[in-house]
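Below: the structure, in structure tokens.
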Amino acid sequence: MKTKIFSKTPIAASMSLILGIAGIAPSFAQEAGDEVEVISVKGIRSSMIQSLDIKRSSSGIVDAISAEDIGKFPDSNLAESLQRITGISIERSNGEGSKVSARGFGPDRNLVTLNGRQMPTTTGERSFDFSNLAAEGVSGVEVYKTSKADVPTGGIGATINILTHKPLSNPGQKATFSVEALDDTTTKKGSTTPQLSGLYSNTSDDGKFGVSISGSYSERESGSQQAKIAYYRSFSGIQDTNWSGSNAVWGGVAKDASQTNRPGDNDIYSVPQNTIYKFEEQQRKRTNAQLVLQYKPMDNLTATVDYTYVSKTNDTQSNVISAWYNFGPSENIWTDGPIASPLVYSETFGNPADVAIGGSDFSVKDETKSLGLNLEWQASDNLKLKLDHHESNADSNPNSVLGSGNEIQLAAFVRQASATDFSGDRPVLSIVGGNSIVAADFVVTGSVFTNKKNEADISQTQFSGEYILEEELGSIDFGLSLTSSENRARLKNVQRNNWGGEGAAGNFGDNLFPRGSISAQFDNLSGGNFDGFGGQVEVLDNYFPFNFNAVRDIAASTLSVQPAALGDCGNSFCPSSDYGSEVDQFTKEEMTSVYVQYNYDGEIGDMFYDIHFGLRYEETDVTATSSVPEYIDSPLWNGVSEVTLVGSGNIIYETKQASYNHTLPSINFNLNVTDDVVLRLAYSETIGRPRYDQMIGGTNLQAGARIDGGIGNTGNPALLPLESQNIDISAEWYYGEGSYVSLGYFTKDVENDILTLPVDTQLSIVNPAIGPYGDEARTAVGNDTTLQRQYIYDTYGATDPLVTLEAGNIVIAGNTATDPLMNFKVNTPLNVAGTTGYDGLEFAVQHLFGESGFGGIVNYTKTNTDNEHDDFVLTPQLAELGISDSANVVGFYEMDGFSARIAYNWRDKFIVALVQDGGAGPGPRYIEEYGQIDLTVSYDLPQVEGLNVYFNAINLTAENLRTSGRSETQVLDSIQQGARYVLGARYTF
């Protein structure tokens, strides 16, 4: 069999041997008697050379990041390192990279593995949260952009494999320890927090046994200052033609002098539901540990046992102040169309409305444990076999007696008028009398205490082999994978609602409600300068960071016990551990994969080539069981337009099953046009499986229905995975040591996109509002439902026990013998017919400026799709989430123990949700264009060999994050972020 040959410098050659990453780079044959000069190179330059070597040697389009040295990954967060790869961009949570998009495809469209193993997640998603894993124990990350038969399926955008340290790949005794101090400027209360990590690796003198142990512990105190709109209601401008002093459509605006620059008939306009200020503090503690044992009893057999442990706790406290708009007559100033938004939106109230405040204090703990066994056996010169098995578990549990989520809401009913100014970076709320609120004005309006337990288990066995054919006829790769994935989600809410308030005002003393300044919180996020309509409104500057536990104690002691909302403590102000009485969702997914791949290399003239033909067969079985509350067939028409479902008090379990299979071909062709120029062409078919929480088994109905029907939610285990046909073309020029230019083009044609749509569903529940009594009443009194209900009571109340008067309210129960079945709009994930096209360009330059110590990376990714969101459409539509352009510019200097690197990462605007929060109907949520600068400086102290001190600055210029709706004026979240600074020392020997 021929061997792939190209010109390599001694440094590049030695890096290949030292790394020993056989899973992604073919071995390079050495002629008998050749001596390899091993040159030790460390630092940023070394990492760039290693990554280049992996890319150049791969049999497909692969990018990689390698550790600069043992225990020294380029960034403290894996996601923030990955974003420097061409085509990779990230989503941030609490200012820190958490999820990865590849070539514009969102986190759920990519597969993340740890040492080639699928890992469990507890979020209902398939995407891995990179903030769970510390970077110190990671030796490299591989990004497979083209598929091969031996690459696990599940990634439409890419498959990302995280590699951890293996002692036999790094012979000898090695150790590194680091200590860091983290200063996070986003917190308003916290202080500098510690971060510790260490890695020890050693091998026996004969190279047969190796042990590696690594661990890290970090604390982070962070904060978040947010100005938010829950959601917007969107309308066409023509909807309110017949305005007559009250909203023709709830939320619509008048066509009169109350509107300045009122949207035209052909415009789309959106009205905000509320304005919220939220101030949050969070304490995170993260512990990672890994033990790796390797034994090589003979030259052709290596056994590896590894155990990985990850623990993360998040304690969160928050305070909120908000004003809800009731969509009465309003006075507004509008932007120009065709998508119009209010620059100022205001309402006045005949009766004082509420100013709402809320507080939370909760904690969640996530744990992941993984035990794995790996055997590699060189059975003969021609046959190599590998067996890998792991058992992995992930749990997410409450970490507080007050649950995994909670909130107490209070209100002061003093608001006469309110307005929101949208002309600045953040919305600014004005409330008449808002700054004069005192503690005696507050009454409790609602509370919720939540216990949520999620668990995921994965058992996976993978068997693979390589057989080299005789007479240089190539080689055959083959394999079998058996994966069982189980996910269970349980939730119990103890919720108490009384939006009109309960208890007497004055229960709370002033000492429980200290005043804070809103403007002082937003010290890096400016608002508009609207001065009110004739001085009728005043900018709200007070909020109340109240003592959550003290307010909770008073509420629990002064308010009555509600049997329907009872926690373990005997009242409504604590969580319940009775999980089985509400949400219990279980999904089991069993996957069998078989693959075979033929590899051949040869020469066309003087040009070396290698080609890989693969076929992978996937078979998947899904079983989903969910608990849902049982309702009797006879609901109650007990309001003007409300029909209430009546629970039986029982929980029932519903199970759904489904299966599917796929045969997935792949071809990868690589041509070395010269020693330095590589052309690549690839075709593959891949699948991307649905989210776990899209496959739940039961139908959950909302108890509150309306006279025209009810609503509900369900999953769909029968969802087919996304199917993608992919073509990749790439040209790469390796023109110098550590330097290259690459240009790639890719297309993807995707079928079976998933969209959640309301499906008309009829169960056994009837609807009394449209039964014979209702029909008779409409004939007699018309369409006024108040008159209808009175007519039914006057006519049948004395003779029909289904028509009653309860506490002065008319209640009409459903008659299962005569009333028609109620129609429910059940939101259901469905596969959408048709093919969606995607394509894109990837460009990258990596350059080392000789021996000057300077170097840099510039890359850019352009993505396109015919599956973009149409902001002019008000009905549900399909759109691919996460599609965006991205770019990176990285420069560094490294010489004589000193190194400095500065990186700018940019991502264009992209859509993250098709429906805004609150169920207000279709409405997109975009994360706006964002760029961030990170800086790293380090120095090797000459006085102490192996001691390095370093300084990191993340988000150096304190860029803020913003999400918006159909236009950027429709702000949904304006989040103040800040810089994070790390000062540390690392000792390596």
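Every chain in the structure tokens takes a letter, A first, then B, and so on in the order presented; its residues are numbered from 1, and the ligands are numbered from 1 following the presented order.
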
Could you give me, as a tab-separated table, every stretch 193-312 of chain A residue with an atom at most 6 Å from stretch 171-180 of chain A, plus its closest atom pair and distance in Å to one decimal, counting only C-alpha atoms, rows ordered by chain then number?
residue	atom	partner	partner_atom	distance
A:Pro194	CA	A:Glu180	CA	5.8
A:Gln195	CA	A:Glu180	CA	4.9
A:Leu196	CA	A:Val179	CA	4.7
A:Ser197	CA	A:Ser178	CA	5.3
A:Gly198	CA	A:Phe177	CA	4.2
A:Leu199	CA	A:Thr176	CA	5.3
A:Tyr200	CA	A:Ala175	CA	4.3
A:Ser201	CA	A:Lys174	CA	5.1
A:Asn202	CA	A:Gln173	CA	4.1
A:Thr203	CA	A:Gly172	CA	5.2

Contacts of A:Ser739 within 6 Å, only C-alpha atoms, excl. fewer than 5 positions in-chain, as a PyMOL selection string: chain A and resi 734+846-848

Just-selected residues, C-alpha atoms written as a PDB file, in the first residue's frame:
ATOM      1  CA  TYR A 734       0.712  24.913   2.706  1.00  0.00           C
ATOM      2  CA  GLN A 846      -2.649  31.096   8.962  1.00  0.00           C
ATOM      3  CA  HIS A 847       0.803  32.656   8.782  1.00  0.00           C
ATOM      4  CA  LEU A 848       3.976  32.533  10.827  1.00  0.00           C
TER       5      LEU A 848
END

Atom CA of A:Asn132 to atom CA of A:Thr461, straight-line distance in Å: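 Value for the atom CA of A:Thr461-atom CA of A:Asn132 distance: 24.2 Å.
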
Contacts of A:Gly647 at 10 Å (only C-alpha atoms; same-chain gap of 2+ positions) as a PDB file with C-alpha atoms, in the first residue's frame:
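Below is the file out.pdb, written as the result:
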ATOM      1  CA  PRO A 629     -53.109  14.828  34.113  1.00  0.00           C
ATOM      2  CA  GLU A 630     -56.392  13.073  33.372  1.00  0.00           C
ATOM      3  CA  TYR A 631     -59.483  15.217  32.749  1.00  0.00           C
ATOM      4  CA  ILE A 632     -63.093  14.120  32.933  1.00  0.00           C
ATOM      5  CA  ASP A 633     -65.143  14.360  29.752  1.00  0.00           C
ATOM      6  CA  SER A 634     -67.431  17.097  31.104  1.00  0.00           C
ATOM      7  CA  PRO A 635     -65.677  20.504  31.431  1.00  0.00           C
ATOM      8  CA  THR A 644     -62.329  24.975  32.348  1.00  0.00           C
ATOM      9  CA  LEU A 645     -61.233  21.359  32.128  1.00  0.00           C
ATOM     10  CA  GLY A 649     -57.195  13.727  40.249  1.00  0.00           C
ATOM     11  CA  ASN A 650     -55.397  10.933  38.414  1.00  0.00           C
ATOM     12  CA  ILE A 651     -52.195  10.885  36.413  1.00  0.00           C
ATOM     13  CA  ALA A 703     -56.873  23.306  31.928  1.00  0.00           C
TER      14      ALA A 703
END

Skipping near chain neighbours, those fewer than 2 positions away, what residues fall within 9 Å of stretch 928-941 of chain A using only C-alpha atoms, listed as a PDB file with C-alpha atoms, in the first residue's frame?
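Final output, saved to result17.pdb:
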ATOM      1  CA  ASP A  75      -8.623  29.135  26.367  1.00  0.00           C
ATOM      2  CA  ASP A 896      12.115  34.204  24.591  1.00  0.00           C
ATOM      3  CA  GLY A 897       9.470  33.004  27.028  1.00  0.00           C
ATOM      4  CA  PHE A 898       7.109  35.912  26.391  1.00  0.00           C
ATOM      5  CA  SER A 899       3.889  35.479  24.444  1.00  0.00           C
ATOM      6  CA  ALA A 900       0.885  37.655  23.730  1.00  0.00           C
ATOM      7  CA  ARG A 901      -2.220  36.878  21.720  1.00  0.00           C
ATOM      8  CA  ILE A 902      -5.178  39.058  20.834  1.00  0.00           C
ATOM      9  CA  ALA A 903      -8.269  37.665  19.125  1.00  0.00           C
ATOM     10  CA  TYR A 904     -11.316  39.327  17.640  1.00  0.00           C
ATOM     11  CA  ASN A 905     -14.345  37.090  17.092  1.00  0.00           C
ATOM     12  CA  TRP A 906     -17.344  38.318  15.111  1.00  0.00           C
ATOM     13  CA  ARG A 907     -20.706  36.773  14.351  1.00  0.00           C
ATOM     14  CA  ASP A 908     -23.465  38.304  12.269  1.00  0.00           C
ATOM     15  CA  LYS A 909     -27.101  38.525  13.330  1.00  0.00           C
ATOM     16  CA  PHE A 910     -28.852  35.144  13.544  1.00  0.00           C
ATOM     17  CA  ILE A 911     -32.225  33.722  14.540  1.00  0.00           C
ATOM     18  CA  TYR A 926     -32.700  37.242  16.763  1.00  0.00           C
ATOM     19  CA  GLN A 943      14.580  32.320  37.574  1.00  0.00           C
ATOM     20  CA  VAL A 944      12.363  29.240  38.028  1.00  0.00           C
ATOM     21  CA  GLU A 945      12.357  26.698  35.217  1.00  0.00           C
ATOM     22  CA  GLY A 946       8.827  25.619  34.329  1.00  0.00           C
ATOM     23  CA  LEU A 947       7.072  28.539  36.023  1.00  0.00           C
ATOM     24  CA  ASN A 948       4.822  30.645  33.825  1.00  0.00           C
ATOM     25  CA  VAL A 949       2.708  33.617  34.822  1.00  0.00           C
ATOM     26  CA  TYR A 950      -0.149  34.786  32.645  1.00  0.00           C
ATOM     27  CA  PHE A 951      -2.960  37.273  32.317  1.00  0.00           C
ATOM     28  CA  ASN A 952      -6.186  36.754  30.358  1.00  0.00           C
ATOM     29  CA  ALA A 953      -8.805  39.329  29.488  1.00  0.00           C
ATOM     30  CA  ILE A 954     -12.076  38.051  28.027  1.00  0.00           C
ATOM     31  CA  ASN A 955     -14.418  40.543  26.359  1.00  0.00           C
ATOM     32  CA  LEU A 956     -11.801  43.206  26.876  1.00  0.00           C
ATOM     33  CA  THR A 957     -13.985  46.070  25.617  1.00  0.00           C
ATOM     34  CA  ALA A 958     -17.065  44.930  27.603  1.00  0.00           C
ATOM     35  CA  GLU A 959     -19.348  44.426  24.617  1.00  0.00           C
ATOM     36  CA  ASN A 960     -23.042  44.001  25.425  1.00  0.00           C
ATOM     37  CA  LEU A 961     -25.526  41.479  24.042  1.00  0.00           C
ATOM     38  CA  ARG A 962     -28.856  42.304  22.434  1.00  0.00           C
ATOM     39  CA  THR A 963     -31.739  40.232  21.064  1.00  0.00           C
ATOM     40  CA  SER A 964     -34.600  41.614  19.017  1.00  0.00           C
ATOM     41  CA  GLU A 968     -33.782  45.815  15.795  1.00  0.00           C
TER      42      GLU A 968
END

Members of stretch 799-975 of chain A assigned strand (DSSP E) by DSSP, as a VMD selection string: chain A and resid 803 to 806 809 to 813 821 to 831 835 to 848 854 to 865 886 to 895 898 to 907 910 to 915 922 to 927 930 to 940 947 to 954 961 to 964 971 to 975

Contacts of stretch 84-87 of chain A at 10 Å (only C-alpha atoms; same-chain gap of 5+ positions) as a PyMOL selection string: chain A and resi 63-65+79+101-105+143+145+157-158+742+840-845+857-863+884-890+903-906

Pick from A:Thr592, A:Thr164, A:Thr304, A:Ser222, whichever lies nearest to A:Ala67 using only C-alpha atoms: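 Checking each candidate against A:Ala67, we get A:Thr164 as the closest.
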
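The interatomic distance for the pair atom CA of A:Ser400 and atom CA of A:Leu566 works out to 17.5 Å.
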
Top pick for closest residue to A:Asp819, considering A:Phe854, A:Tyr307, A:Tyr773, A:Phe235 and counting only C-alpha atoms: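 With only C-alpha atoms as the atom set, the closest residue is A:Tyr773.
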
Give one line per residue of stretch 330-365 of chain A that approaches stretch 250-255 of chain A to at most 9 Å, naming the two atoms of the closest pair and their distance in Å to one decimal, counting only C-alpha atoms; sort by chain then ascending residue number and deliver it as a Markdown table.
| residue | atom | partner | partner_atom | distance |
| --- | --- | --- | --- | --- |
| A:Ser330 | CA | A:Val253 | CA | 6.9 |
| A:Glu331 | CA | A:Val253 | CA | 8.5 |
| A:Asn332 | CA | A:Val253 | CA | 8.7 |

All alpha helix (DSSP H) residues (DSSP, backbone) inside stretch 539-593 of chain A, as a VMD selection string: chain A and resid 548 to 558

Non-local contacts of A:Phe573 (12 Å; only C-alpha atoms; under 4 positions in same chain excluded) as a PyMOL selection string: chain A and resi 360+401-403+406-409+444+446-450+493-497+548-562+565-569

Test item: residues at most 7 Å from A:Gln225, only C-alpha atoms, excluding those fewer than 6 positions along its chain, as a list in words: Lys278, Phe279, Glu280, Gln521, Phe522, Ile975 and Gln976 of chain A

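Put simply, atom CA of A:Asp760 is 11.7 Å away from atom CA of A:Leu821.
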
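Proximity to A:Asn274 was assessed for A:Leu972, A:Met895, A:Leu480, A:Ile754 counting only C-alpha atoms; the smallest distance is recorded for A:Leu972.
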